[in-house]
Number of protein chains: 2
Amino acid sequence: MNNPREDTSALRVDGGRLWSRLEALGEIGAVAGPNGERGCARLALTDSDRDGRDLVVGWMHDLGLAVTIDAVGNVVATRQGSDATAAPVMIGSHIDTVRTGGRFDGNLGVLAGLEVIETLEQYGIATRHPVSVAFFTDEEGARFQPDMLGSLVYVGGMALEDALDVRATDDGARLGDELARIGYAGPTPCPAAAAPHAYVELHIEQGPVLEDEGVTVGAVTGVQGISWTELTIRGQSAHAGTTPMRLRHDAGYVAAAINAGIRAIAREMGGTQVATVGRCEFSPNLVNVIPATVLMTVDLRNTDEALLQKSESSFHTLCDRMASEEGVTIERRSLARFEPVEFDPAMIDLVETTARRLGHSTRRMPSGAGHDAQMLARVCPTSMIFVPSVDGLSHNIAEYTHPADITAGADVLLQVVLAKAEQH
Amino acid sequence: MNNPREDTSALRVDGGRLWSRLEALGEIGAVAGPNGERGCARLALTDSDRDGRDLVVGWMHDLGLAVTIDAVGNVVATRQGSDATAAPVMIGSHIDTVRTGGRFDGNLGVLAGLEVIETLEQYGIATRHPVSVAFFTDEEGARFQPDMLGSLVYVGGMALEDALDVRATDDGARLGDELARIGYAGPTPCPAAAAPHAYVELHIEQGPVLEDEGVTVGAVTGVQGISWTELTIRGQSAHAGTTPMRLRHDAGYVAAAINAGIRAIAREMGGTQVATVGRCEFSPNLVNVIPATVLMTVDLRNTDEALLQKSESSFHTLCDRMASEEGVTIERRSLARFEPVEFDPAMIDLVETTARRLGHSTRRMPSGAGHDAQMLARVCPTSMIFVPSVDGLSHNIAEYTHPADITAGADVLLQVVLAKAEQH
């Protein structure tokens, strides 16, 4: 395989082979929708996640890769390069999903990485740098918070011990115990001993922009800053019929006013600002009892750190005003806080020029969602490649990306990796 | 016991004996609060409800009463009168509770009824009419809807077969099956074959009015009309980070806007109008997913039927507007609808004059809560006696009424029953 000067510019992936792997992995934890949609529920470190990991690790071994599992369950499979001292070009993403997830979110980046390596193997292409494929633990944050936990620990952004002590939001299980239970508490140290040469992640857009504009490839310029807050609102439960409106301390009403209020804040700010209440739980949750307690979450995002802080400040003011008006207490707990991230300009250029060379329409765009790439961007040149999501849907079992777009994205990934893997 | 002309005007209950029974029944399904409060969770037709029923039925047998159990689980215990053709004066209420209920709501009316009969027994007082004590199935509606189900079927307001087919909101169990399971699917026909001579219910106010005004006894003039609606809001789940605000179909936001909107409707209408969202469930209920579906309930009450209809109309307009604005669908299902009820003027006078004769401060007032009395009012002269609730709390484990007020209410009940039981 010592052919580093061979012209690999015409090399293409096998889109059908990649699609088959997406379908096979999607069968694990599969959930069916009312209209025949095929989604996935593989929450981090559940039995389904273990089964998905086992399948992918099996494919990694089939390709003859050196597979390591680190102390927080991140899995890295590496194909040797011709220069024994060179750091790997890493392709990565995640294979955990939300409870009503799709087959593409995360999974595409990992399986496209395997497809890139299988293509290199198939055509006997040697590279100077090693090429590795990684999947990171608990990217979604649907079961353990913060999200992007595995890649955060990988780059040294969170202490391993703290990560292992995180408790699941559903059953209270400890992350470290769940890792051991499913057999993915590995021996490789985490954070990683050395940074990759570069990191590239192919991902579905998870939003409507590419489809709306008829563009095939997004060259991702960075990631929105994310602020997640959990609120515990404590009022006074009382009889719904006999308590005059003016004497109420209704935790449910306050939750509603905050939900409506952050919508107004986002609408007023405009730009990239978004605001979402995804979780909301009333207690005691009975038709004729004024709610005593509500647990809710608020998700704020913006590409600009100053604007994100402004939205947080408006949200906090809203909470304080509602607590005072209704006579309730509101406890705020930060679940996750990430500043906006800007990717490496040269890497963004490389994605854009590569996609154009392959004949695809392109667009520069920020990511509205968090990705493992934003963690890796702390330690090495990083970029992402977006492909369109039908109807902009993600975190939804109807999530879909057309096979032609999947193949286009994987071809761009292959060519970007080849370019980076030949660098000195 | 043939002493119908004996002067019974000085007869009083044994308040300590009544208090002991309240405490003993409160131990069944007891739940403790963080500050030592002692509440109750005896949802209708659960094992705890069965245990509570067994305890009360045991006391009924101890008093030598003739106990009947009807086809919907209502229990009636009767003490003979001297006139074999006279219909009973019925004392009644319920012993089921909400999930975070207290020891007094409902239980007081039933146990005060037993105390009245034990007092008559103790002093050998005969009455012309029989005196009966009833507890009705599923008054709270916390597990099976509509609320006041047992008394509704008792007076012929709902078909028995329909009632037996009602499904529990928690575990989906069928009411008829649960009745049989706990041994309270009785042989006595329901609806009842004959109406009582009169019906009297002693109840805690469950609101703050009596305490605020320093009044001991409320002479209840009637019951607010009640309108319960379940909403199923269906939007579109999508990624919280990548979906622009203008493209959202957020079922959670619509639920919040409706919650805040009915508060505004009630505030604008004023008077006795109240409006409550007690139940609200997001799905999939994850921090970073725009909610696809919300199930919520809306509870509207007013003492005036025309105003209650006006509040319903405003609420429906609000739903239609929100569905259109956000691009969601809203399915409305009526869970319960009762018109306002006016009690018998002579019975209201009797409660008021009796309480004054016994030296208690009184106030005429409507009930903000629904009660079995409103069902019995369809078939016989009916009234209610209210005693104060500390801090106006009910449907709350901190629910409390001072022993002196309990005794005052039971004495009024005794004297009202004696007056009605001598009528021709």
# chains A, B, ... in the order shown; residues from 1 in each chain; ligands from 1
>>> residues_around(residues="segment 209-220 of chain A", least_positions_apart="4", cutoff="7 Å", atoms="only C-alpha atoms", output="mmCIF file with N, CA and C atoms, in the first residue's frame")
data_model
loop_
_atom_site.group_PDB
_atom_site.id
_atom_site.type_symbol
_atom_site.label_atom_id
_atom_site.label_comp_id
_atom_site.auth_asym_id
_atom_site.auth_seq_id
_atom_site.Cartn_x
_atom_site.Cartn_y
_atom_site.Cartn_z
ATOM 1 N N ILE A 348 -12.794 24.570 6.723
ATOM 2 C CA ILE A 348 -14.077 24.967 6.121
ATOM 3 C C ILE A 348 -13.888 25.154 4.608
ATOM 4 N N VAL A 351 -13.627 21.769 2.848
ATOM 5 C CA VAL A 351 -14.927 21.119 2.656
ATOM 6 C C VAL A 351 -15.655 21.767 1.470
ATOM 7 N N GLU A 352 -15.639 23.091 1.447
ATOM 8 C CA GLU A 352 -16.373 23.804 0.412
ATOM 9 C C GLU A 352 -15.798 23.535 -0.983
ATOM 10 N N ALA A 355 -16.370 19.853 -2.111
ATOM 11 C CA ALA A 355 -17.751 19.594 -2.528
ATOM 12 C C ALA A 355 -18.002 20.172 -3.917
ATOM 13 N N HIS A 360 -21.096 19.400 -6.459
ATOM 14 C CA HIS A 360 -22.265 19.623 -5.595
ATOM 15 C C HIS A 360 -22.448 21.109 -5.319
ATOM 16 N N SER A 361 -23.710 21.521 -5.166
ATOM 17 C CA SER A 361 -24.005 22.866 -4.686
ATOM 18 C C SER A 361 -23.635 22.930 -3.198
ATOM 19 N N THR A 362 -23.161 24.097 -2.781
ATOM 20 C CA THR A 362 -22.709 24.217 -1.381
ATOM 21 C C THR A 362 -23.224 25.508 -0.753
ATOM 22 N N ARG A 363 -23.151 25.550 0.566
ATOM 23 C CA ARG A 363 -23.560 26.710 1.341
ATOM 24 C C ARG A 363 -22.763 26.681 2.640
ATOM 25 N N ARG A 364 -22.228 27.832 3.029
ATOM 26 C CA ARG A 364 -21.638 27.942 4.369
ATOM 27 C C ARG A 364 -22.770 28.169 5.364
ATOM 28 N N MET A 365 -22.697 27.523 6.520
ATOM 29 C CA MET A 365 -23.783 27.669 7.493
ATOM 30 C C MET A 365 -23.297 27.286 8.884
ATOM 31 N N PRO A 366 -23.883 27.904 9.919
ATOM 32 C CA PRO A 366 -23.585 27.438 11.274
ATOM 33 C C PRO A 366 -24.438 26.215 11.577
ATOM 34 N N SER A 367 -24.061 25.454 12.572
ATOM 35 C CA SER A 367 -24.891 24.347 13.037
ATOM 36 C C SER A 367 -25.778 24.828 14.170
ATOM 37 N N SER A 383 -13.714 20.409 11.060
ATOM 38 C CA SER A 383 -14.841 20.936 10.299
ATOM 39 C C SER A 383 -15.923 19.883 10.203
ATOM 40 N N MET A 384 -17.058 20.298 9.678
ATOM 41 C CA MET A 384 -18.179 19.381 9.500
ATOM 42 C C MET A 384 -18.751 19.543 8.104
ATOM 43 N N ILE A 385 -19.389 18.440 7.655
ATOM 44 C CA ILE A 385 -20.074 18.407 6.363
ATOM 45 C C ILE A 385 -21.543 18.101 6.641
ATOM 46 N N PHE A 386 -22.438 18.976 6.184
ATOM 47 C CA PHE A 386 -23.882 18.738 6.359
ATOM 48 C C PHE A 386 -24.496 18.265 5.053
ATOM 49 N N VAL A 387 -25.459 17.333 5.177
ATOM 50 C CA VAL A 387 -26.312 16.956 4.048
ATOM 51 C C VAL A 387 -27.769 17.194 4.458
ATOM 52 N N PRO A 388 -28.682 17.362 3.474
ATOM 53 C CA PRO A 388 -30.041 17.834 3.793
ATOM 54 C C PRO A 388 -30.881 16.821 4.577
ATOM 55 N N SER A 389 -31.732 17.344 5.437
ATOM 56 C CA SER A 389 -32.747 16.567 6.152
ATOM 57 C C SER A 389 -34.102 16.844 5.511
ATOM 58 N N VAL A 390 -34.807 15.792 5.114
ATOM 59 C CA VAL A 390 -36.124 15.973 4.507
ATOM 60 C C VAL A 390 -37.072 16.634 5.512
ATOM 61 N N ASP A 405 -27.980 12.034 -1.360
ATOM 62 C CA ASP A 405 -27.327 13.034 -0.514
ATOM 63 C C ASP A 405 -26.361 12.389 0.473
ATOM 64 N N GLY A 409 -22.366 13.270 0.534
ATOM 65 C CA GLY A 409 -21.658 13.672 1.746
ATOM 66 C C GLY A 409 -20.485 12.760 2.049
#
>>> select_by_dssp(residues="segment 111-356 of chain A", states="strand (DSSP E or B)", output="JSON, numbers by chain")
{"A": [131, 132, 133, 134, 135, 167, 174, 188, 198, 199, 200, 201, 202, 203, 204, 217, 218, 219, 220, 221, 222, 223, 225, 226, 227, 228, 229, 230, 231, 232, 233, 234, 239, 274, 275, 276, 280, 281, 282, 283, 289, 293, 294, 295, 296, 297, 298, 299, 300, 301, 302, 329, 330, 331, 332, 333, 334, 335, 336, 337, 338, 341, 342]}
>>> interface_residues(of="chain A", to="chain B", cutoff="7 Å", atoms="only C-alpha atoms", output="PyMOL selection string")
chain A and resi 142+206-207+237-245+253+256-257+259-260+274+276-282+285-291+297+299+301+368-369+393-396
>>> select_by_dssp(residues="segment 171-232 of chain A", states="helix (DSSP H, G or I)", output="MDAnalysis selection string")
chainID A and resid 175:181 209:213
>>> write_last_selection(atoms="C-alpha atoms", output="PDB file, in the first residue's frame")
ATOM      1  CA  LEU A 175     -22.993   6.449  34.161  1.00  0.00           C
ATOM      2  CA  GLY A 176     -19.909   4.530  35.316  1.00  0.00           C
ATOM      3  CA  ASP A 177     -22.050   1.616  36.481  1.00  0.00           C
ATOM      4  CA  GLU A 178     -23.984   1.555  33.214  1.00  0.00           C
ATOM      5  CA  LEU A 179     -20.723   1.604  31.207  1.00  0.00           C
ATOM      6  CA  ALA A 180     -19.466  -1.415  33.163  1.00  0.00           C
ATOM      7  CA  ARG A 181     -22.825  -3.172  32.909  1.00  0.00           C
ATOM      8  CA  VAL A 209     -32.195  25.235   5.397  1.00  0.00           C
ATOM      9  CA  LEU A 210     -30.382  23.041   2.808  1.00  0.00           C
ATOM     10  CA  GLU A 211     -33.630  21.506   1.571  1.00  0.00           C
ATOM     11  CA  ASP A 212     -35.345  24.894   1.335  1.00  0.00           C
ATOM     12  CA  GLU A 213     -32.505  26.283  -0.803  1.00  0.00           C
TER      13      GLU A 213
END
>>> residues_around(residues="His371 of chain A", least_positions_apart="6", cutoff="8 Å", atoms="only C-alpha atoms", output="PDB file with C-alpha atoms, in the first residue's frame")
ATOM      1  CA  SER A  93     -19.735  11.134  15.534  1.00  0.00           C
ATOM      2  CA  GLU A 139     -23.735  12.726  22.547  1.00  0.00           C
ATOM      3  CA  MET A 148     -21.650  15.541  24.111  1.00  0.00           C
ATOM      4  CA  VAL A 223     -21.777  25.580  16.214  1.00  0.00           C
TER       5      VAL A 223
END
>>> closest_atom_pairs(of="segment 162-264 of chain A", to="segment 110-124 of chain A", cutoff="12 Å", atoms="only C-alpha atoms", output="CSV")
residue,atom,partner,partner_atom,distance
A:Tyr199,CA,A:Gly113,CA,11.3
A:Val200,CA,A:Gly113,CA,9.3
A:Glu201,CA,A:Val110,CA,8.3
A:Leu202,CA,A:Ala112,CA,7.5
A:His203,CA,A:Val110,CA,9.3
A:Ile204,CA,A:Ala112,CA,11.7
>>> residues_around(residues="Cys319 of chain A", least_positions_apart="3", cutoff="9 Å", atoms="only C-alpha atoms", output="list in words")
Val254, Ile258, Ser314, Phe315, His316, Met322, Ala323, Ser324 and Ile330 of chain A
